[in-house]
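Q: Structure file start.pdb (PDB, C-alpha atoms) is given on the next line.
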```
ATOM      1  CA  MET A   1      77.107 -13.585 179.668  1.00  0.00           C
ATOM      2  CA  ILE A   2      78.461 -13.413 176.119  1.00  0.00           C
ATOM      3  CA  LEU A   3      81.511 -15.557 175.451  1.00  0.00           C
ATOM      4  CA  ASN A   4      84.516 -14.103 173.691  1.00  0.00           C
ATOM      5  CA  LEU A   5      87.549 -15.954 172.378  1.00  0.00           C
ATOM      6  CA  SER A   6      90.577 -14.475 170.692  1.00  0.00           C
ATOM      7  CA  THR A   7      93.316 -15.466 168.255  1.00  0.00           C
ATOM      8  CA  SER A   8      96.202 -13.421 166.927  1.00  0.00           C
ATOM      9  CA  ARG A   9      94.121 -11.956 164.079  1.00  0.00           C
ATOM     10  CA  THR A  10      90.513 -12.525 165.125  1.00  0.00           C
ATOM     11  CA  ASN A  11      88.034 -12.071 167.904  1.00  0.00           C
ATOM     12  CA  LEU A  12      85.421 -14.775 168.214  1.00  0.00           C
ATOM     13  CA  ARG A  13      82.352 -13.480 169.963  1.00  0.00           C
ATOM     14  CA  GLU A  14      78.861 -14.775 170.306  1.00  0.00           C
ATOM     15  CA  PHE A  15      76.353 -13.312 167.912  1.00  0.00           C
ATOM     16  CA  VAL A  16      74.111 -10.333 168.542  1.00  0.00           C
ATOM     17  CA  GLU A  17      70.885  -9.611 166.674  1.00  0.00           C
ATOM     18  CA  SER A  18      72.352  -6.896 164.455  1.00  0.00           C
ATOM     19  CA  ASP A  19      74.944  -9.325 163.040  1.00  0.00           C
ATOM     20  CA  TRP A  20      72.414 -10.714 160.584  1.00  0.00           C
ATOM     21  CA  GLN A  21      73.283  -8.041 158.014  1.00  0.00           C
ATOM     22  CA  GLN A  22      76.989  -8.928 157.987  1.00  0.00           C
ATOM     23  CA  VAL A  23      76.208 -12.652 157.958  1.00  0.00           C
ATOM     24  CA  HIS A  24      73.838 -12.131 155.056  1.00  0.00           C
ATOM     25  CA  LYS A  25      76.654 -10.638 152.975  1.00  0.00           C
ATOM     26  CA  TYR A  26      78.158 -14.120 152.681  1.00  0.00           C
ATOM     27  CA  ALA A  27      75.189 -16.412 153.441  1.00  0.00           C
ATOM     28  CA  SER A  28      73.325 -15.024 150.422  1.00  0.00           C
ATOM     29  CA  GLN A  29      76.084 -16.094 148.007  1.00  0.00           C
ATOM     30  CA  LEU A  30      75.777 -19.354 146.081  1.00  0.00           C
ATOM     31  CA  VAL A  31      79.529 -19.975 146.255  1.00  0.00           C
ATOM     32  CA  ILE A  32      79.464 -20.004 150.066  1.00  0.00           C
ATOM     33  CA  CYS A  33      76.792 -22.690 150.298  1.00  0.00           C
ATOM     34  CA  GLN A  34      77.692 -24.793 147.275  1.00  0.00           C
ATOM     35  CA  PHE A  35      78.622 -27.707 149.566  1.00  0.00           C
ATOM     36  CA  GLN A  36      75.786 -27.122 152.075  1.00  0.00           C
ATOM     37  CA  PRO A  37      72.128 -28.201 152.203  1.00  0.00           C
ATOM     38  CA  TRP A  38      71.067 -24.589 152.900  1.00  0.00           C
ATOM     39  CA  GLY A  39      71.192 -21.323 150.996  1.00  0.00           C
ATOM     40  CA  PRO A  40      71.755 -19.081 149.366  1.00  0.00           C
ATOM     41  CA  ASN A  41      69.801 -17.419 152.154  1.00  0.00           C
ATOM     42  CA  THR A  42      67.059 -14.878 151.843  1.00  0.00           C
ATOM     43  CA  GLU A  43      67.171 -12.025 154.376  1.00  0.00           C
ATOM     44  CA  ASN A  44      64.470 -13.782 156.404  1.00  0.00           C
ATOM     45  CA  GLU A  45      66.456 -17.043 156.461  1.00  0.00           C
ATOM     46  CA  THR A  46      69.558 -15.249 157.715  1.00  0.00           C
ATOM     47  CA  LYS A  47      67.514 -13.429 160.382  1.00  0.00           C
ATOM     48  CA  GLU A  48      66.030 -16.784 161.434  1.00  0.00           C
ATOM     49  CA  TYR A  49      69.529 -18.303 161.676  1.00  0.00           C
ATOM     50  CA  ILE A  50      70.608 -15.501 164.043  1.00  0.00           C
ATOM     51  CA  TYR A  51      67.326 -15.724 165.978  1.00  0.00           C
ATOM     52  CA  ASN A  52      67.863 -19.477 166.518  1.00  0.00           C
ATOM     53  CA  ILE A  53      71.409 -18.867 167.751  1.00  0.00           C
ATOM     54  CA  LEU A  54      70.177 -16.217 170.205  1.00  0.00           C
ATOM     55  CA  GLU A  55      67.483 -18.587 171.481  1.00  0.00           C
ATOM     56  CA  ASP A  56      70.028 -21.380 171.938  1.00  0.00           C
ATOM     57  CA  MET A  57      72.229 -19.003 173.959  1.00  0.00           C
ATOM     58  CA  LYS A  58      69.421 -18.774 176.548  1.00  0.00           C
ATOM     59  CA  GLN A  59      69.380 -22.508 177.248  1.00  0.00           C
ATOM     60  CA  ILE A  60      70.421 -23.490 180.760  1.00  0.00           C
ATOM     61  CA  ASN A  61      72.364 -26.558 179.620  1.00  0.00           C
ATOM     62  CA  ARG A  62      73.674 -25.175 176.356  1.00  0.00           C
ATOM     63  CA  THR A  63      74.928 -27.511 173.689  1.00  0.00           C
ATOM     64  CA  ARG A  64      75.401 -24.957 170.880  1.00  0.00           C
ATOM     65  CA  PHE A  65      77.992 -22.202 170.829  1.00  0.00           C
ATOM     66  CA  ALA A  66      78.092 -20.036 167.705  1.00  0.00           C
ATOM     67  CA  PHE A  67      80.706 -17.343 167.262  1.00  0.00           C
ATOM     68  CA  ALA A  68      81.029 -14.475 164.826  1.00  0.00           C
ATOM     69  CA  ILE A  69      84.569 -14.345 163.437  1.00  0.00           C
ATOM     70  CA  ILE A  70      85.704 -10.720 163.587  1.00  0.00           C
ATOM     71  CA  GLU A  71      88.943  -9.721 161.870  1.00  0.00           C
ATOM     72  CA  LYS A  72      90.814  -7.542 164.359  1.00  0.00           C
ATOM     73  CA  LYS A  73      92.456  -5.253 161.794  1.00  0.00           C
ATOM     74  CA  SER A  74      89.245  -4.233 159.969  1.00  0.00           C
ATOM     75  CA  GLU A  75      86.746  -5.113 162.736  1.00  0.00           C
ATOM     76  CA  GLU A  76      84.681  -6.808 159.998  1.00  0.00           C
ATOM     77  CA  LEU A  77      82.561  -9.889 160.613  1.00  0.00           C
ATOM     78  CA  ILE A  78      84.165 -12.334 158.162  1.00  0.00           C
ATOM     79  CA  GLY A  79      82.484 -15.621 159.052  1.00  0.00           C
ATOM     80  CA  SER A  80      81.064 -17.852 161.717  1.00  0.00           C
ATOM     81  CA  ILE A  81      82.170 -20.929 163.600  1.00  0.00           C
ATOM     82  CA  GLU A  82      80.113 -23.270 165.746  1.00  0.00           C
ATOM     83  CA  PHE A  83      80.860 -25.772 168.463  1.00  0.00           C
ATOM     84  CA  ASN A  84      78.083 -28.207 169.358  1.00  0.00           C
ATOM     85  CA  ILE A  85      78.006 -30.866 172.046  1.00  0.00           C
ATOM     86  CA  ARG A  86      76.560 -33.867 170.217  1.00  0.00           C
ATOM     87  CA  ASP A  87      76.783 -36.526 172.936  1.00  0.00           C
ATOM     88  CA  GLU A  88      77.377 -35.596 176.584  1.00  0.00           C
ATOM     89  CA  ILE A  89      77.672 -39.178 177.838  1.00  0.00           C
ATOM     90  CA  ASN A  90      80.315 -40.122 175.282  1.00  0.00           C
ATOM     91  CA  GLN A  91      81.919 -36.647 175.433  1.00  0.00           C
ATOM     92  CA  ILE A  92      81.603 -35.873 171.720  1.00  0.00           C
ATOM     93  CA  GLY A  93      81.548 -32.425 170.121  1.00  0.00           C
ATOM     94  CA  GLU A  94      81.293 -31.125 166.570  1.00  0.00           C
ATOM     95  CA  ILE A  95      82.686 -28.034 164.852  1.00  0.00           C
ATOM     96  CA  GLY A  96      81.688 -26.273 161.651  1.00  0.00           C
ATOM     97  CA  TYR A  97      82.633 -22.965 160.044  1.00  0.00           C
ATOM     98  CA  ILE A  98      81.876 -20.608 157.161  1.00  0.00           C
ATOM     99  CA  ILE A  99      84.198 -17.847 155.943  1.00  0.00           C
ATOM    100  CA  HIS A 100      83.278 -14.967 153.627  1.00  0.00           C
ATOM    101  CA  PRO A 101      84.817 -15.720 150.183  1.00  0.00           C
ATOM    102  CA  ASN A 102      86.807 -12.459 150.290  1.00  0.00           C
ATOM    103  CA  TYR A 103      88.803 -14.015 153.157  1.00  0.00           C
ATOM    104  CA  TRP A 104      89.369 -17.507 151.752  1.00  0.00           C
ATOM    105  CA  GLY A 105      92.921 -18.797 151.658  1.00  0.00           C
ATOM    106  CA  MET A 106      94.205 -16.436 154.354  1.00  0.00           C
ATOM    107  CA  GLY A 107      94.256 -18.851 157.290  1.00  0.00           C
ATOM    108  CA  PHE A 108      91.300 -17.379 159.169  1.00  0.00           C
ATOM    109  CA  ALA A 109      89.342 -20.664 159.179  1.00  0.00           C
ATOM    110  CA  SER A 110      92.315 -22.579 160.605  1.00  0.00           C
ATOM    111  CA  GLU A 111      93.002 -19.939 163.234  1.00  0.00           C
ATOM    112  CA  ALA A 112      89.387 -19.843 164.425  1.00  0.00           C
ATOM    113  CA  THR A 113      89.018 -23.633 164.277  1.00  0.00           C
ATOM    114  CA  LYS A 114      92.073 -24.216 166.464  1.00  0.00           C
ATOM    115  CA  GLU A 115      90.710 -21.787 169.055  1.00  0.00           C
ATOM    116  CA  VAL A 116      87.257 -23.401 169.097  1.00  0.00           C
ATOM    117  CA  ILE A 117      88.771 -26.886 169.345  1.00  0.00           C
ATOM    118  CA  SER A 118      90.674 -25.675 172.429  1.00  0.00           C
ATOM    119  CA  PHE A 119      87.473 -24.129 173.797  1.00  0.00           C
ATOM    120  CA  GLY A 120      85.665 -27.461 173.412  1.00  0.00           C
ATOM    121  CA  PHE A 121      88.329 -29.630 174.979  1.00  0.00           C
ATOM    122  CA  LYS A 122      89.162 -27.241 177.824  1.00  0.00           C
ATOM    123  CA  ASN A 123      85.606 -26.343 178.836  1.00  0.00           C
ATOM    124  CA  PHE A 124      83.611 -29.501 178.209  1.00  0.00           C
ATOM    125  CA  LYS A 125      86.037 -32.331 178.962  1.00  0.00           C
ATOM    126  CA  LEU A 126      85.478 -33.866 175.565  1.00  0.00           C
ATOM    127  CA  HIS A 127      86.992 -37.145 174.485  1.00  0.00           C
ATOM    128  CA  ARG A 128      86.362 -36.642 170.763  1.00  0.00           C
ATOM    129  CA  LEU A 129      85.598 -33.739 168.479  1.00  0.00           C
ATOM    130  CA  PHE A 130      84.559 -34.203 164.848  1.00  0.00           C
ATOM    131  CA  ALA A 131      83.826 -32.231 161.713  1.00  0.00           C
ATOM    132  CA  THR A 132      82.520 -33.083 158.266  1.00  0.00           C
ATOM    133  CA  CYS A 133      83.027 -31.629 154.821  1.00  0.00           C
ATOM    134  CA  ASP A 134      81.977 -32.316 151.260  1.00  0.00           C
ATOM    135  CA  VAL A 135      84.621 -34.454 149.526  1.00  0.00           C
ATOM    136  CA  ARG A 136      84.814 -31.777 146.799  1.00  0.00           C
ATOM    137  CA  ASN A 137      85.679 -29.078 149.356  1.00  0.00           C
ATOM    138  CA  ILE A 138      89.440 -29.516 149.265  1.00  0.00           C
ATOM    139  CA  ALA A 139      90.091 -26.230 151.091  1.00  0.00           C
ATOM    140  CA  SER A 140      87.952 -27.252 154.069  1.00  0.00           C
ATOM    141  CA  ALA A 141      89.625 -30.673 154.236  1.00  0.00           C
ATOM    142  CA  LYS A 142      93.018 -28.914 154.360  1.00  0.00           C
ATOM    143  CA  VAL A 143      91.802 -26.668 157.202  1.00  0.00           C
ATOM    144  CA  LEU A 144      90.722 -29.681 159.246  1.00  0.00           C
ATOM    145  CA  GLU A 145      93.984 -31.513 158.643  1.00  0.00           C
ATOM    146  CA  LYS A 146      96.014 -28.399 159.503  1.00  0.00           C
ATOM    147  CA  CYS A 147      94.091 -28.220 162.789  1.00  0.00           C
ATOM    148  CA  GLY A 148      95.102 -31.764 163.716  1.00  0.00           C
ATOM    149  CA  LEU A 149      91.957 -33.654 162.752  1.00  0.00           C
ATOM    150  CA  ASN A 150      92.362 -37.071 161.161  1.00  0.00           C
ATOM    151  CA  LEU A 151      90.357 -38.360 158.247  1.00  0.00           C
ATOM    152  CA  GLU A 152      88.241 -41.268 159.485  1.00  0.00           C
ATOM    153  CA  GLY A 153      86.553 -42.044 156.210  1.00  0.00           C
ATOM    154  CA  LYS A 154      84.000 -41.129 153.603  1.00  0.00           C
ATOM    155  CA  MET A 155      80.267 -41.360 154.120  1.00  0.00           C
ATOM    156  CA  ARG A 156      78.670 -42.072 150.772  1.00  0.00           C
ATOM    157  CA  GLU A 157      75.670 -40.036 149.610  1.00  0.00           C
ATOM    158  CA  ASP A 158      74.711 -38.990 153.128  1.00  0.00           C
ATOM    159  CA  LEU A 159      73.380 -35.488 152.401  1.00  0.00           C
ATOM    160  CA  LEU A 160      71.036 -34.253 149.671  1.00  0.00           C
ATOM    161  CA  LEU A 161      72.144 -30.978 148.061  1.00  0.00           C
ATOM    162  CA  ARG A 162      70.717 -28.958 145.178  1.00  0.00           C
ATOM    163  CA  ASP A 163      72.915 -30.806 142.682  1.00  0.00           C
ATOM    164  CA  GLY A 164      72.334 -34.323 144.059  1.00  0.00           C
ATOM    165  CA  TRP A 165      73.665 -36.517 146.808  1.00  0.00           C
ATOM    166  CA  ARG A 166      76.813 -35.484 148.618  1.00  0.00           C
ATOM    167  CA  ASP A 167      79.648 -37.700 149.765  1.00  0.00           C
ATOM    168  CA  THR A 168      81.077 -36.436 153.044  1.00  0.00           C
ATOM    169  CA  TYR A 169      84.462 -36.792 154.701  1.00  0.00           C
ATOM    170  CA  LEU A 170      84.430 -37.388 158.447  1.00  0.00           C
ATOM    171  CA  TYR A 171      87.337 -35.963 160.435  1.00  0.00           C
ATOM    172  CA  SER A 172      88.048 -36.157 164.160  1.00  0.00           C
ATOM    173  CA  ILE A 173      90.551 -35.373 166.855  1.00  0.00           C
ATOM    174  CA  LEU A 174      90.759 -37.104 170.232  1.00  0.00           C
ATOM    175  CA  GLU A 175      91.621 -35.353 173.457  1.00  0.00           C
ATOM    176  CA  HIS A 176      95.070 -36.959 173.762  1.00  0.00           C
ATOM    177  CA  GLU A 177      95.871 -35.951 170.156  1.00  0.00           C
ATOM    178  CA  TRP A 178      94.837 -32.372 170.885  1.00  0.00           C
ATOM    179  CA  LEU A 179      96.964 -32.365 174.050  1.00  0.00           C
ATOM    180  CA  GLY A 180      99.910 -33.523 171.919  1.00  0.00           C
ATOM    181  CA  CYS A 181      99.340 -30.547 169.606  1.00  0.00           C
ATOM    182  CA  GLN A 182      99.404 -28.237 172.624  1.00  0.00           C
ATOM    183  CA  ASP A 183     102.834 -29.591 173.552  1.00  0.00           C
ATOM    184  CA  GLY A 184     104.329 -28.192 170.343  1.00  0.00           C
ATOM    185  CA  GLN A 185     103.705 -31.220 168.156  1.00  0.00           C
ATOM    186  CA  GLU A 186     101.209 -29.409 165.962  1.00  0.00           C
ATOM    187  CA  ARG A 187     101.088 -30.291 162.279  1.00  0.00           C
ATOM    188  CA  SER A 188     102.407 -27.793 159.797  1.00  0.00           C
TER
END
```
As C-alpha cells - that is how I would like this structure written.

A:
Amino acid sequence: MILNLSTSRTNLREFVESDWQQVHKYASQLVICQFQPWGPNTENETKEYIYNILEDMKQINRTRFAFAIIEKKSEELIGSIEFNIRDEINQIGEIGYIIHPNYWGMGFASEATKEVISFGFKNFKLHRLFATCDVRNIASAKVLEKCGLNLEGKMREDLLLRDGWRDTYLYSILEHEWLGCQDGQERS
C-alpha cells in the first residue's frame, strides 16, 4: 500500500521508480546539495536513491518513509521529504526535506514539513521529532522554526562536506508542543 498525504497545495506520495527523472532535475544541481554530504548526483546515484527508498518500503517494520512532494496546480514533483524512526524505544523520529530551487521561498517546505510532523506524531506515537540543518542554511532554519521546532543547539564540525567540516543546528519538537500547535497556538 502506497501512502499519500495532502496539504492545501501539495500531495505527498511515496515514490515510484519513474520518479528518478524528476528527482534528478534537482538532485543533480550543486546549489541543492551545497549543505549536504552528497551530490550533485549522477543519474546512477539518483536511481540508486530511488531504488533504496523502494526497497525500504518493502520492510515489514518500516522505519523510513520518503515522500515525493507534488505541487497540485502543476502536478510537478518539486521535492522530497522523509520521516525516519530513529529510536523506537525512546519514541524519536527525524525529518528532512529537499525542494527544487525553482520553488524556494514559496512555503512548500513548511507546508510539507508540518504534514509529515503530524504524520509522525499521529501514526507512531512519538515523544520527540528532530531535524538538522547546516548553520549557513538560514532558509531551512526558518522552515523548522515556522513548523514549531525549537533550536536545541549547534553541533560543531559534525559532518564533512566538499568545502570542509560543517557545523549543524539541531532542532526538535516534543509531542506536547506539537499538540499545542494543533490547538491553534502555531507560530507565525

Q: Scan for residues within 9 Å of the point (78.3, -20.7, 163.6) in the coordinates of the file, using all atoms listed in the file, and reply as a list in words.

A: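 Result, sorted by chain then residue number: Glu14, Phe15, Ile53, Arg64, Phe65, Ala66, Phe67, Ala68, Ile69, Gly79, Ser80, Ile81, Glu82, Phe83, Ile95, Gly96, Tyr97 and Ile98 of chain A.
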
Q: Can you work out the spacing between atom CA of Phe121 of chain A and atom CA of Gly180 of chain A in Å, to one decimal?

A: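 A separation of 12.6 Å between them.
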
Q: Please compute the atom CA of Pro37 of chain A-atom CA of Arg136 of chain A distance, one decimal, in Å.

A: 14.2 Å

Q: Which distance in Å separates atom CA of Trp104 of chain A and atom CA of Glu175 of chain A, to one decimal?

A: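 Value for the atom CA of Trp104 of chain A-atom CA of Glu175 of chain A distance: 28.2 Å.
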
Q: Pick out the closest residue to Gln34 of chain A from this set: A:Ser140, A:Ile70, A:Ile117, A:Asp134. Count all atoms listed in the file.

A: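 Of the candidates, the smallest distance to Gln34 of chain A is held by A:Asp134.
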
Q: Can you tell me which residues surround segment 177-179 of chain A at a distance of at most 12 Å, considering all atoms listed in the file, apart from same-chain residues fewer than 4 positions away, and format the answer as a CSV table (one decimal) with C-alpha atoms, keeping the file's coordinate frame?

A:
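Output file out37.csv follows:
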```csv
chain,number,residue,atom,x,y,z
A,114,LYS,CA,92.1,-24.2,166.5
A,115,GLU,CA,90.7,-21.8,169.1
A,116,VAL,CA,87.3,-23.4,169.1
A,117,ILE,CA,88.8,-26.9,169.3
A,118,SER,CA,90.7,-25.7,172.4
A,119,PHE,CA,87.5,-24.1,173.8
A,120,GLY,CA,85.7,-27.5,173.4
A,121,PHE,CA,88.3,-29.6,175.0
A,122,LYS,CA,89.2,-27.2,177.8
A,125,LYS,CA,86.0,-32.3,179.0
A,126,LEU,CA,85.5,-33.9,175.6
A,127,HIS,CA,87.0,-37.1,174.5
A,128,ARG,CA,86.4,-36.6,170.8
A,129,LEU,CA,85.6,-33.7,168.5
A,147,CYS,CA,94.1,-28.2,162.8
A,148,GLY,CA,95.1,-31.8,163.7
A,149,LEU,CA,92.0,-33.7,162.8
A,150,ASN,CA,92.4,-37.1,161.2
A,172,SER,CA,88.0,-36.2,164.2
A,173,ILE,CA,90.6,-35.4,166.9
A,183,ASP,CA,102.8,-29.6,173.6
A,184,GLY,CA,104.3,-28.2,170.3
A,185,GLN,CA,103.7,-31.2,168.2
A,186,GLU,CA,101.2,-29.4,166.0
A,187,ARG,CA,101.1,-30.3,162.3
```

Q: Evaluating the PyMOL selection byres ((chain A and resi 151) around 9) on the displayed file yields which residues, as an MDAnalysis selection string?

A: chainID A and resid 141 144:145 149:150 152:154 169:172

Q: Quick one: residues within 9 Å of Ser6 of chain A, only C-alpha atoms, excluding same-chain residues fewer than 4 positions away - as a count of residues only?

A: 6

Q: Counting all atoms listed in the file, which of A:Ser110, A:Ser74, A:Asn61, A:Asn123 gets nearest to Gln91 of chain A?

A: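 Once distances to Gln91 of chain A are computed over all atoms listed in the file, the minimum belongs to A:Asn123.
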
Q: If you apply the PyMOL selection byres ((chain A and resi 35) around 10) to this file, what residues do you get, as a PDB file with C-alpha atoms, keeping the file's coordinate frame?

A:
```pdb
ATOM      1  CA  LEU A  30      75.777 -19.354 146.081  1.00  0.00           C
ATOM      2  CA  VAL A  31      79.529 -19.975 146.255  1.00  0.00           C
ATOM      3  CA  ILE A  32      79.464 -20.004 150.066  1.00  0.00           C
ATOM      4  CA  CYS A  33      76.792 -22.690 150.298  1.00  0.00           C
ATOM      5  CA  GLN A  34      77.692 -24.793 147.275  1.00  0.00           C
ATOM      6  CA  GLN A  36      75.786 -27.122 152.075  1.00  0.00           C
ATOM      7  CA  PRO A  37      72.128 -28.201 152.203  1.00  0.00           C
ATOM      8  CA  TRP A  38      71.067 -24.589 152.900  1.00  0.00           C
ATOM      9  CA  GLY A  39      71.192 -21.323 150.996  1.00  0.00           C
ATOM     10  CA  CYS A 133      83.027 -31.629 154.821  1.00  0.00           C
ATOM     11  CA  ASP A 134      81.977 -32.316 151.260  1.00  0.00           C
ATOM     12  CA  VAL A 135      84.621 -34.454 149.526  1.00  0.00           C
ATOM     13  CA  ARG A 136      84.814 -31.777 146.799  1.00  0.00           C
ATOM     14  CA  ASN A 137      85.679 -29.078 149.356  1.00  0.00           C
ATOM     15  CA  LEU A 159      73.380 -35.488 152.401  1.00  0.00           C
ATOM     16  CA  LEU A 161      72.144 -30.978 148.061  1.00  0.00           C
ATOM     17  CA  ARG A 162      70.717 -28.958 145.178  1.00  0.00           C
ATOM     18  CA  ASP A 163      72.915 -30.806 142.682  1.00  0.00           C
ATOM     19  CA  ARG A 166      76.813 -35.484 148.618  1.00  0.00           C
ATOM     20  CA  THR A 168      81.077 -36.436 153.044  1.00  0.00           C
TER      21      THR A 168
END
```

Q: Let me make sure I understand: among A:Ala109, A:Val23, A:Ala139, A:Ile78, which one has the smallest atom-to-atom distance to Ile50 of chain A if we use all atoms listed in the file?

A: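 The shortest atom-to-atom distance to Ile50 of chain A comes from A:Val23.
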
Q: Emit as JSON the padded axis-aligned box for all listed atoms of segment 130-140 of chain A, 8 Å per side, with centre and edge lengths in Å to one decimal.

A:
```
{"center_x": 86.0, "center_y": -30.3, "center_z": 155.8, "size_x": 24.1, "size_y": 24.2, "size_z": 34.0}
```

Q: Give me the residues near Tyr51 of chain A as an mmCIF file with C-alpha atoms, in the coordinates of the input, where near means some atom within 12 Å (using only C-alpha atoms) and where sequence neighbours in that chain fewer than 3 positions away do not count.

A:
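part07.cif was written with the following content:
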```cif
data_model
loop_
_atom_site.group_PDB
_atom_site.id
_atom_site.type_symbol
_atom_site.label_atom_id
_atom_site.label_comp_id
_atom_site.auth_asym_id
_atom_site.auth_seq_id
_atom_site.Cartn_x
_atom_site.Cartn_y
_atom_site.Cartn_z
ATOM 1 C CA PHE A 15 76.353 -13.312 167.912
ATOM 2 C CA VAL A 16 74.111 -10.333 168.542
ATOM 3 C CA GLU A 17 70.885 -9.611 166.674
ATOM 4 C CA SER A 18 72.352 -6.896 164.455
ATOM 5 C CA ASP A 19 74.944 -9.325 163.040
ATOM 6 C CA TRP A 20 72.414 -10.714 160.584
ATOM 7 C CA ASN A 44 64.470 -13.782 156.404
ATOM 8 C CA GLU A 45 66.456 -17.043 156.461
ATOM 9 C CA THR A 46 69.558 -15.249 157.715
ATOM 10 C CA LYS A 47 67.514 -13.429 160.382
ATOM 11 C CA GLU A 48 66.030 -16.784 161.434
ATOM 12 C CA LEU A 54 70.177 -16.217 170.205
ATOM 13 C CA GLU A 55 67.483 -18.587 171.481
ATOM 14 C CA ASP A 56 70.028 -21.380 171.938
ATOM 15 C CA MET A 57 72.229 -19.003 173.959
ATOM 16 C CA LYS A 58 69.421 -18.774 176.548
ATOM 17 C CA ALA A 66 78.092 -20.036 167.705
#
```

Q: Which residue gives the smallest distance to Phe108 of chain A among A:Leu77, A:Ile60, A:Arg86, A:Cys181, with only C-alpha atoms counted?

A: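 Closest residue, counting only C-alpha atoms: A:Leu77.
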
Q: Which residue is closest to Ala131 of chain A? Choose from A:Thr42, A:Thr113, A:Asn102, A:Ser8 and count only C-alpha atoms.

A: A:Thr113

Q: Quick one: of A:Lys146, A:Phe124, A:Lys73, A:Gly105, who's nearest to Asp87 of chain A, counting only C-alpha atoms?

A: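 Residue with the minimum atom-to-atom distance to Asp87 of chain A: A:Phe124.
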
Q: Around the point (71.3, -12.5, 154.8), in the coordinates given by the file, pick out the residues reaching within 6 Å, counting only C-alpha atoms, and return them as a list in words.

A: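 Selection result: Gln21, Val23, His24, Lys25, Ala27, Ser28, Asn41, Thr42, Glu43 and Thr46 of chain A.
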